Every structure is written in C-alpha cells, then in structure tokens.
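A.B. asks: Got a structure for you, written out below as structure tokens; questions coming shortly.
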Amino acid sequence: MSTTAFICATCGTQHAPSATPPGACAICEDPRQWVPAAGQQWTTMEALQRRHAIGWRDVAPGMLGLGVFPDFAIGQRALLVRTPQGNVLWDCVALLDPATVTLLKALGGLKAIAVSHPHFYTSMIEWAHAFDCPVLLHEADRAWVMRPDPAIRFWSGETHDVLPGVTLHRIGGHFAGGTILHRAEGKGAILTGDIASVAPDRRHVSFMWSFPNWVPLPAADVARIGAALEALDFDAIYGGWWDRVMATGGKAAVRRSVDRYIRAVTGPAPLAP
C-alpha cells in the first residue's frame with residue numbers, strides 16, 4: 001500500500017507518511033494554533049507544486065528570502081544565510097519544487113537547516129533529503145516533530161554554533177525550545193521568526209505565547225528574553241514575514257519593546273503620553 005507525507009493546510013506541517021490523511025494535526029490542536037471551523041484539511045507536496053511556486057527576494061547582503069506564492073498556511077518566508085563556509089536555511093516553508101532544488105544547488109546547496117519553532121517545521125525533512133543536510137532543532141521541542149527522521153539533529157543548552165559567525169540561541173517564550181539565529185557579520189543581525197516578532201510599525205518587537213489566540217507571555221519570561229537578547233551584538237532584526245524587517249536600530253528597539261511590554265502587562269504606568 002502506497003503512503004503519502006500529508007501536509008496540514010492550516011499550519012503547513014508535513015506529517016509522517018501514511019496511507020490516509022492523519023485524523024488530526026497536533027500542531028493545530030495545541031492552544032497556540034487553531035483548527036478551522038470547517039475542520040482539518042490536508043494537501044500533498046504534489047498538489048502544492050501544481051498551485052504554488054517558490055519566490056525569491058534579496059533581503060540583505062549575503063541573505064536571500066524565499067516564500068510560497070500565493071501564500072499558503074501561515075504565510076511565513078524562510079531566509080537563506082550565505083557564508084564563505086556554506087549556506088544555512090533559517091526556518092522553512094511547506095513547498096519544495098524542482099526549480100528551487102536546482103537553484104539552491106547552483107548556489108552551493110545547504111550545510112544545515114535550522115528552525116525557530118514548531119509552527120515553521122513545515123516540510124523540513126523534504127528539504128533535508130533534497131540537500132543531504134541536517135535539520136537543527138532544540139531538544140525541548142522534540143515532542144512537536146510530526147515527521148521523525150534521522151536527518152534531525154537535536155541540540156541542547158542555550159547556544160549552538162552552526163558555522164563560523166552563525167549561532168543558534170534558545171530564548172524560549174513562544175515554545176520551550178524557541179530559537180533565534182545570530183549572524184555576527186557586520187554590525188550583527190538576529191533572525192527571529194516570531195519568537196521575537198517584528199511588529200508592523202517596524203520599530204518594536206513583541207512576544208506572545210499564542211499570536212492567533214492572543215495569549216501573552218508573563219512579564220518575567222519577557223524580561224528573561226530581553227536579557228538574553230541584550231547580551232548579543234546586533235543592529236538588524238529579521239522576522240518571519242517579508243515586511244517584518246528592522247534594517248537598523250534593532251538593539252534599541254528590543255530594549256524599548258521589552259520595557260513597553262512589561263509595563264503593559266504589569267501596570268500601572270501608561271503606555272502613551
């Protein structure tokens with residue numbers, strides 16, 4: 001009997017191969033996410049390849065963005081971090097098509113894939129198999145892997161060096177293993193997904209246990225996250241969506257944002273003059 005690695009149409013998570021679609025998506029049933037009113041829907045990689053394509057954009061020197069067009073599931077984009085020692089894919093998207101494989105191999109392939117948190121795991125195993133590279137995940141989020149595979153390398157502790165100048169930092173919050181990537185080149189940058197989510201005003205970041213269900217984090221957690229980010233050297237912040245980029249002033253923005261957040265959830269100081 002043939003099997004298919006079905007993909008959740010709501011969150012984009014690819015599940016372990018099975019003869020029929022899974023009965024539920026544990027990622028969506030978790031209170032940080034949601035199940036549509038019409039019920040869980042499933043698709044396949046082949047169906048995605050017929051209806052969608054991967055689009056690319058320059059994001060910064062040595063960094064390209066790639067995302068699914070038209071949007072699928074959560075709609076995030078991934079980032080290709082290019083270094084003299086090789087390329088790292090930060091976060092992941094559900095679609096992988098032959099054109100993307102050809103293009104990425106021409107750019108040198110991938111040394112590793114690193115993912116910030118389970119909502120962006122998507123089709124990470126498909127990508128790892130195509131480029132014969134490991135997927136780096138924090139062990140605290142091991143239970144959220146819906147498609148186990150030998151390509152996954154769980155790391156522990158608070159930091160993990162990927163390549164020279166490219167380091168993963170576990171800061172938690174949204175998920176216990178919530179991870180950001182620090183790029184040391186130039187004035188430094190952090191790639192945050194929505195672990196520290198760049199706000200639409202592109203002057204602040206924010207922190208939530210659940211973004212779609214509007215559940216904030218405790219002030220103590222945000223203070224701890226702020227201290228972890230304060231210890232890093234960075235100027236730019238790259239969030240998980242095309243328009244969520246702070247090209248400069250990121251360190252000061254994090255300080256402002258942490259202070260504002262803590263005042264908002266603890267009071268009594270007003271947020272505005």
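Letters A, B, ... go to the chains of the structure tokens in the order shown; residues in each chain start at 1; ligands are counted from 1 in the same order.
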Per DSSP on the backbone, filter range 61-175 of chain A down to the residues in alpha helix (DSSP H) and report them as a PyMOL selection string.
C.D. replies: chain A and resi 98-106+124-131
A.B. asks: Save the residues we just selected, N, CA and C atoms, as a PDB file, in the first residue's frame?
C.D. replies:
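Result file follows (again37.pdb):
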```
ATOM      1  N   PRO A  98      11.119  21.408  -7.950  1.00  0.00           N
ATOM      2  CA  PRO A  98      12.369  21.115  -8.664  1.00  0.00           C
ATOM      3  C   PRO A  98      13.180  22.356  -9.008  1.00  0.00           C
ATOM      4  N   ALA A  99      12.504  23.464  -9.367  1.00  0.00           N
ATOM      5  CA  ALA A  99      13.242  24.676  -9.717  1.00  0.00           C
ATOM      6  C   ALA A  99      14.040  25.192  -8.528  1.00  0.00           C
ATOM      7  N   THR A 100      13.460  25.110  -7.328  1.00  0.00           N
ATOM      8  CA  THR A 100      14.152  25.564  -6.127  1.00  0.00           C
ATOM      9  C   THR A 100      15.349  24.683  -5.826  1.00  0.00           C
ATOM     10  N   VAL A 101      15.192  23.383  -6.003  1.00  0.00           N
ATOM     11  CA  VAL A 101      16.317  22.469  -5.783  1.00  0.00           C
ATOM     12  C   VAL A 101      17.463  22.807  -6.727  1.00  0.00           C
ATOM     13  N   THR A 102      17.139  23.023  -8.000  1.00  0.00           N
ATOM     14  CA  THR A 102      18.170  23.351  -8.985  1.00  0.00           C
ATOM     15  C   THR A 102      18.874  24.654  -8.639  1.00  0.00           C
ATOM     16  N   LEU A 103      18.097  25.681  -8.302  1.00  0.00           N
ATOM     17  CA  LEU A 103      18.672  26.987  -7.971  1.00  0.00           C
ATOM     18  C   LEU A 103      19.555  26.906  -6.737  1.00  0.00           C
ATOM     19  N   LEU A 104      19.061  26.255  -5.682  1.00  0.00           N
ATOM     20  CA  LEU A 104      19.827  26.196  -4.450  1.00  0.00           C
ATOM     21  C   LEU A 104      21.110  25.391  -4.614  1.00  0.00           C
ATOM     22  N   LYS A 105      21.056  24.333  -5.395  1.00  0.00           N
ATOM     23  CA  LYS A 105      22.284  23.564  -5.635  1.00  0.00           C
ATOM     24  C   LYS A 105      23.297  24.400  -6.405  1.00  0.00           C
ATOM     25  N   ALA A 106      22.818  25.243  -7.328  1.00  0.00           N
ATOM     26  CA  ALA A 106      23.727  26.130  -8.050  1.00  0.00           C
ATOM     27  C   ALA A 106      24.353  27.165  -7.123  1.00  0.00           C
ATOM     28  N   MET A 124      10.402  20.373   6.520  1.00  0.00           N
ATOM     29  CA  MET A 124      11.849  20.415   6.742  1.00  0.00           C
ATOM     30  C   MET A 124      12.545  19.111   6.348  1.00  0.00           C
ATOM     31  N   ILE A 125      11.876  17.962   6.512  1.00  0.00           N
ATOM     32  CA  ILE A 125      12.512  16.689   6.159  1.00  0.00           C
ATOM     33  C   ILE A 125      12.653  16.556   4.644  1.00  0.00           C
ATOM     34  N   GLU A 126      11.648  17.021   3.911  1.00  0.00           N
ATOM     35  CA  GLU A 126      11.732  17.027   2.452  1.00  0.00           C
ATOM     36  C   GLU A 126      12.943  17.836   1.992  1.00  0.00           C
ATOM     37  N   TRP A 127      13.133  18.988   2.593  1.00  0.00           N
ATOM     38  CA  TRP A 127      14.272  19.844   2.264  1.00  0.00           C
ATOM     39  C   TRP A 127      15.589  19.165   2.645  1.00  0.00           C
ATOM     40  N   ALA A 128      15.630  18.560   3.829  1.00  0.00           N
ATOM     41  CA  ALA A 128      16.865  17.904   4.278  1.00  0.00           C
ATOM     42  C   ALA A 128      17.261  16.773   3.344  1.00  0.00           C
ATOM     43  N   HIS A 129      16.286  15.996   2.891  1.00  0.00           N
ATOM     44  CA  HIS A 129      16.593  14.888   1.966  1.00  0.00           C
ATOM     45  C   HIS A 129      17.095  15.425   0.629  1.00  0.00           C
ATOM     46  N   ALA A 130      16.499  16.515   0.139  1.00  0.00           N
ATOM     47  CA  ALA A 130      16.892  17.058  -1.165  1.00  0.00           C
ATOM     48  C   ALA A 130      18.322  17.575  -1.150  1.00  0.00           C
ATOM     49  N   PHE A 131      18.785  18.077  -0.004  1.00  0.00           N
ATOM     50  CA  PHE A 131      20.112  18.696   0.064  1.00  0.00           C
ATOM     51  C   PHE A 131      21.081  17.920   0.950  1.00  0.00           C
TER      52      PHE A 131
END
```
A.B. asks: Could you pull out the residues in range 22-259 of chain A that DSSP calls strand (DSSP E or B) from the backbone, as a PyMOL selection string?
C.D. replies: chain A and resi 42-43+53-60+63-69+77-83+86-90+112-114+135-138+152-155+159-163+166-170+179-183+189-193+197-198+205-206+208-210+215-216+236-239+245-246
A.B. asks: Write out as a PDB file with C-alpha atoms, in the first residue's frame each polymer residue whose atoms come within 12 Å of Ala252 in chain A, counting only C-alpha atoms; drop sequence neighbours fewer than 3 positions from it.
C.D. replies:
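File result.pdb, as written:
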```pdb
ATOM      1  CA  ARG A 203      10.030  49.960  15.452  1.00  0.00           C
ATOM      2  CA  HIS A 204       9.154  47.306  18.019  1.00  0.00           C
ATOM      3  CA  VAL A 205       9.121  43.588  18.598  1.00  0.00           C
ATOM      4  CA  GLY A 226      15.185  40.739  26.898  1.00  0.00           C
ATOM      5  CA  LEU A 229      18.949  39.479  23.566  1.00  0.00           C
ATOM      6  CA  GLU A 230      20.786  42.289  25.354  1.00  0.00           C
ATOM      7  CA  ASP A 233      25.623  42.249  19.355  1.00  0.00           C
ATOM      8  CA  PHE A 234      23.144  43.126  16.592  1.00  0.00           C
ATOM      9  CA  ASP A 235      21.694  46.054  14.705  1.00  0.00           C
ATOM     10  CA  ALA A 236      19.187  44.397  12.332  1.00  0.00           C
ATOM     11  CA  ILE A 237      16.227  42.120  13.092  1.00  0.00           C
ATOM     12  CA  MET A 246      14.159  46.189  11.034  1.00  0.00           C
ATOM     13  CA  THR A 248      18.846  49.130  11.718  1.00  0.00           C
ATOM     14  CA  GLY A 249      18.271  50.178  15.329  1.00  0.00           C
ATOM     15  CA  ARG A 255      15.001  47.471  24.849  1.00  0.00           C
ATOM     16  CA  ARG A 256      12.015  49.765  24.171  1.00  0.00           C
ATOM     17  CA  SER A 257       9.793  46.827  23.374  1.00  0.00           C
ATOM     18  CA  VAL A 258      10.650  44.810  26.470  1.00  0.00           C
ATOM     19  CA  ASP A 259      10.048  47.851  28.673  1.00  0.00           C
TER      20      ASP A 259
END
```
A.B. asks: To one decimal in Å, tell me the separation between CA of Gly55 in chain A and CA of Asp243 in chain A.
C.D. replies: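 About the pair CA of Gly55 in chain A and CA of Asp243 in chain A: they are 14.6 Å apart.
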A.B. asks: What is the distance between CA of Val135 in chain A and CA of Ala114 in chain A, in Å to one decimal?
C.D. replies: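 Computed distance, CA of Val135 in chain A to CA of Ala114 in chain A, equals 5.8 Å.
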A.B. asks: What's the 8 Å shell around range 70-85 of chain A, counting only C-alpha atoms, without same-chain residues fewer than 2 positions away, as an NGL selection string?
C.D. replies: :A and (9-12 or 52-53 or 62-68 or 87-93 or 120 or 163-164 or 240-242)
A.B. asks: Show me, as a list in words, the residues that have an atom within 12 Å of Leu232 in chain A when counting only C-alpha atoms, minus same-chain residues fewer than 4 positions from it.
C.D. replies: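 Using only C-alpha atoms, the neighbours found are Thr159, Thr167, Leu168, His169, Ile171, Ile180, Leu181, His182, Arg183, Ala184, Lys187, Gly188, Ala189, Ile190, Ile225, Gly226, Ala227, Ala228, Ala236, Ile237, Gly250, Lys251 and Val254 of chain A.
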A.B. asks: Go ahead and save the picked residues with C-alpha atoms, as a compact mmCIF listing (two decimals), in the first residue's frame.
C.D. replies:
```txt
# COMPACT_ATOMS: atom_id res chain seq x y z
CA THR A 159 23.65 28.09 22.21
CA THR A 167 24.97 30.71 16.06
CA LEU A 168 21.62 29.49 17.38
CA HIS A 169 20.31 30.80 20.71
CA ILE A 171 15.40 32.02 24.19
CA ILE A 180 16.76 32.66 17.13
CA LEU A 181 19.77 32.79 14.79
CA HIS A 182 22.55 35.32 15.40
CA ARG A 183 24.63 36.41 12.42
CA ALA A 184 27.83 38.10 13.51
CA LYS A 187 27.02 45.11 12.83
CA GLY A 188 25.27 41.83 13.54
CA ALA A 189 21.71 40.64 12.99
CA ILE A 190 19.19 38.36 14.65
CA ILE A 225 14.20 37.09 26.87
CA GLY A 226 15.19 40.74 26.90
CA ALA A 227 18.28 39.95 28.96
CA ALA A 228 19.26 37.15 26.57
CA ALA A 236 19.19 44.40 12.33
CA ILE A 237 16.23 42.12 13.09
CA GLY A 250 17.22 46.69 16.41
CA LYS A 251 19.05 46.62 19.74
CA VAL A 254 14.27 45.44 21.72
```
A.B. asks: Please compute the CA of Arg142 in chain A-CA of Trp155 in chain A distance, one decimal, in Å.
C.D. replies: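 Between CA of Arg142 in chain A and CA of Trp155 in chain A the gap is 10.0 Å.
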A.B. asks: Do a neighbour search on Thr43 in chain A at 10 Å with only C-alpha atoms, toss out local chain neighbours closer than 4 positions, and write the hits as a ChimeraX atom specification.
C.D. replies: /A:4-10,12,14,21,47-48
A.B. asks: Just the residues within 10 Å of range 213-223 of chain A, please, counting only C-alpha atoms, with nothing from its chain fewer than 6 positions along; format it as a compact mmCIF listing (two decimals) with N, CA, C and O atoms, in the first residue's frame.
C.D. replies:
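Once written, around_35.txt looks like this:
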```
# COMPACT_ATOMS: atom_id res chain seq x y z
N PRO A 31 -3.25 24.75 21.85
CA PRO A 31 -3.92 26.05 22.00
C PRO A 31 -3.15 27.25 21.48
O PRO A 31 -3.70 28.36 21.43
N ARG A 32 -1.90 27.07 21.04
CA ARG A 32 -1.19 28.17 20.39
C ARG A 32 -1.60 28.35 18.93
O ARG A 32 -1.27 29.36 18.31
N GLN A 33 -2.28 27.37 18.38
CA GLN A 33 -2.65 27.39 16.97
C GLN A 33 -4.17 27.25 16.89
O GLN A 33 -4.87 27.61 17.84
N TRP A 34 -4.74 26.77 15.82
CA TRP A 34 -6.19 26.62 15.72
C TRP A 34 -6.55 25.58 14.66
O TRP A 34 -5.79 25.32 13.74
N ILE A 171 15.91 30.99 23.27
CA ILE A 171 15.40 32.02 24.19
C ILE A 171 13.99 31.67 24.68
O ILE A 171 13.45 32.37 25.54
N GLY A 172 13.38 30.61 24.18
CA GLY A 172 12.10 30.14 24.70
C GLY A 172 10.97 31.11 24.44
O GLY A 172 10.94 31.81 23.44
N GLY A 173 10.00 31.14 25.36
CA GLY A 173 8.86 32.02 25.23
C GLY A 173 7.72 31.35 24.50
O GLY A 173 6.96 30.58 25.10
N HIS A 174 7.61 31.61 23.22
CA HIS A 174 6.53 31.07 22.38
C HIS A 174 6.47 29.55 22.48
O HIS A 174 5.41 28.95 22.60
N ALA A 196 10.69 36.52 18.67
CA ALA A 196 10.62 37.96 18.97
C ALA A 196 10.10 38.58 17.70
O ALA A 196 10.85 38.86 16.77
N SER A 206 7.51 42.06 19.61
CA SER A 206 6.65 41.64 20.69
C SER A 206 6.76 40.14 20.89
O SER A 206 7.38 39.43 20.08
N PHE A 207 6.15 39.69 21.97
CA PHE A 207 6.35 38.33 22.44
C PHE A 207 5.00 37.77 22.86
O PHE A 207 4.29 38.40 23.64
N LEU A 229 18.68 38.72 24.78
CA LEU A 229 18.95 39.48 23.57
C LEU A 229 19.92 40.63 23.82
O LEU A 229 20.73 40.97 22.95
N ARG A 255 15.07 46.88 23.51
CA ARG A 255 15.00 47.47 24.85
C ARG A 255 13.67 48.20 25.06
O ARG A 255 13.01 48.03 26.08
N SER A 257 10.91 47.76 23.46
CA SER A 257 9.79 46.83 23.37
C SER A 257 9.62 46.02 24.65
O SER A 257 8.49 45.78 25.10
N VAL A 258 10.73 45.57 25.22
CA VAL A 258 10.65 44.81 26.47
C VAL A 258 10.09 45.69 27.57
O VAL A 258 9.20 45.27 28.34
N ASP A 259 10.56 46.93 27.65
CA ASP A 259 10.05 47.85 28.67
C ASP A 259 8.55 48.10 28.48
O ASP A 259 7.77 48.06 29.45
N TYR A 261 6.33 46.24 26.92
CA TYR A 261 5.56 45.02 27.17
C TYR A 261 5.35 44.82 28.67
O TYR A 261 4.23 44.55 29.11
N ILE A 262 6.42 44.93 29.44
CA ILE A 262 6.31 44.69 30.88
C ILE A 262 5.38 45.72 31.52
O ILE A 262 4.56 45.38 32.39
N ARG A 263 5.45 46.99 31.08
CA ARG A 263 4.53 47.99 31.61
C ARG A 263 3.08 47.65 31.24
O ARG A 263 2.16 47.86 32.02
N ALA A 264 2.89 47.12 30.03
CA ALA A 264 1.54 46.82 29.57
C ALA A 264 0.89 45.71 30.38
O ALA A 264 -0.32 45.76 30.65
N VAL A 265 1.67 44.71 30.77
CA VAL A 265 1.06 43.57 31.45
C VAL A 265 1.13 43.67 32.98
O VAL A 265 0.46 42.90 33.67
N THR A 266 1.93 44.61 33.49
CA THR A 266 2.00 44.75 34.95
C THR A 266 1.45 46.07 35.45
O THR A 266 1.03 46.15 36.63
```
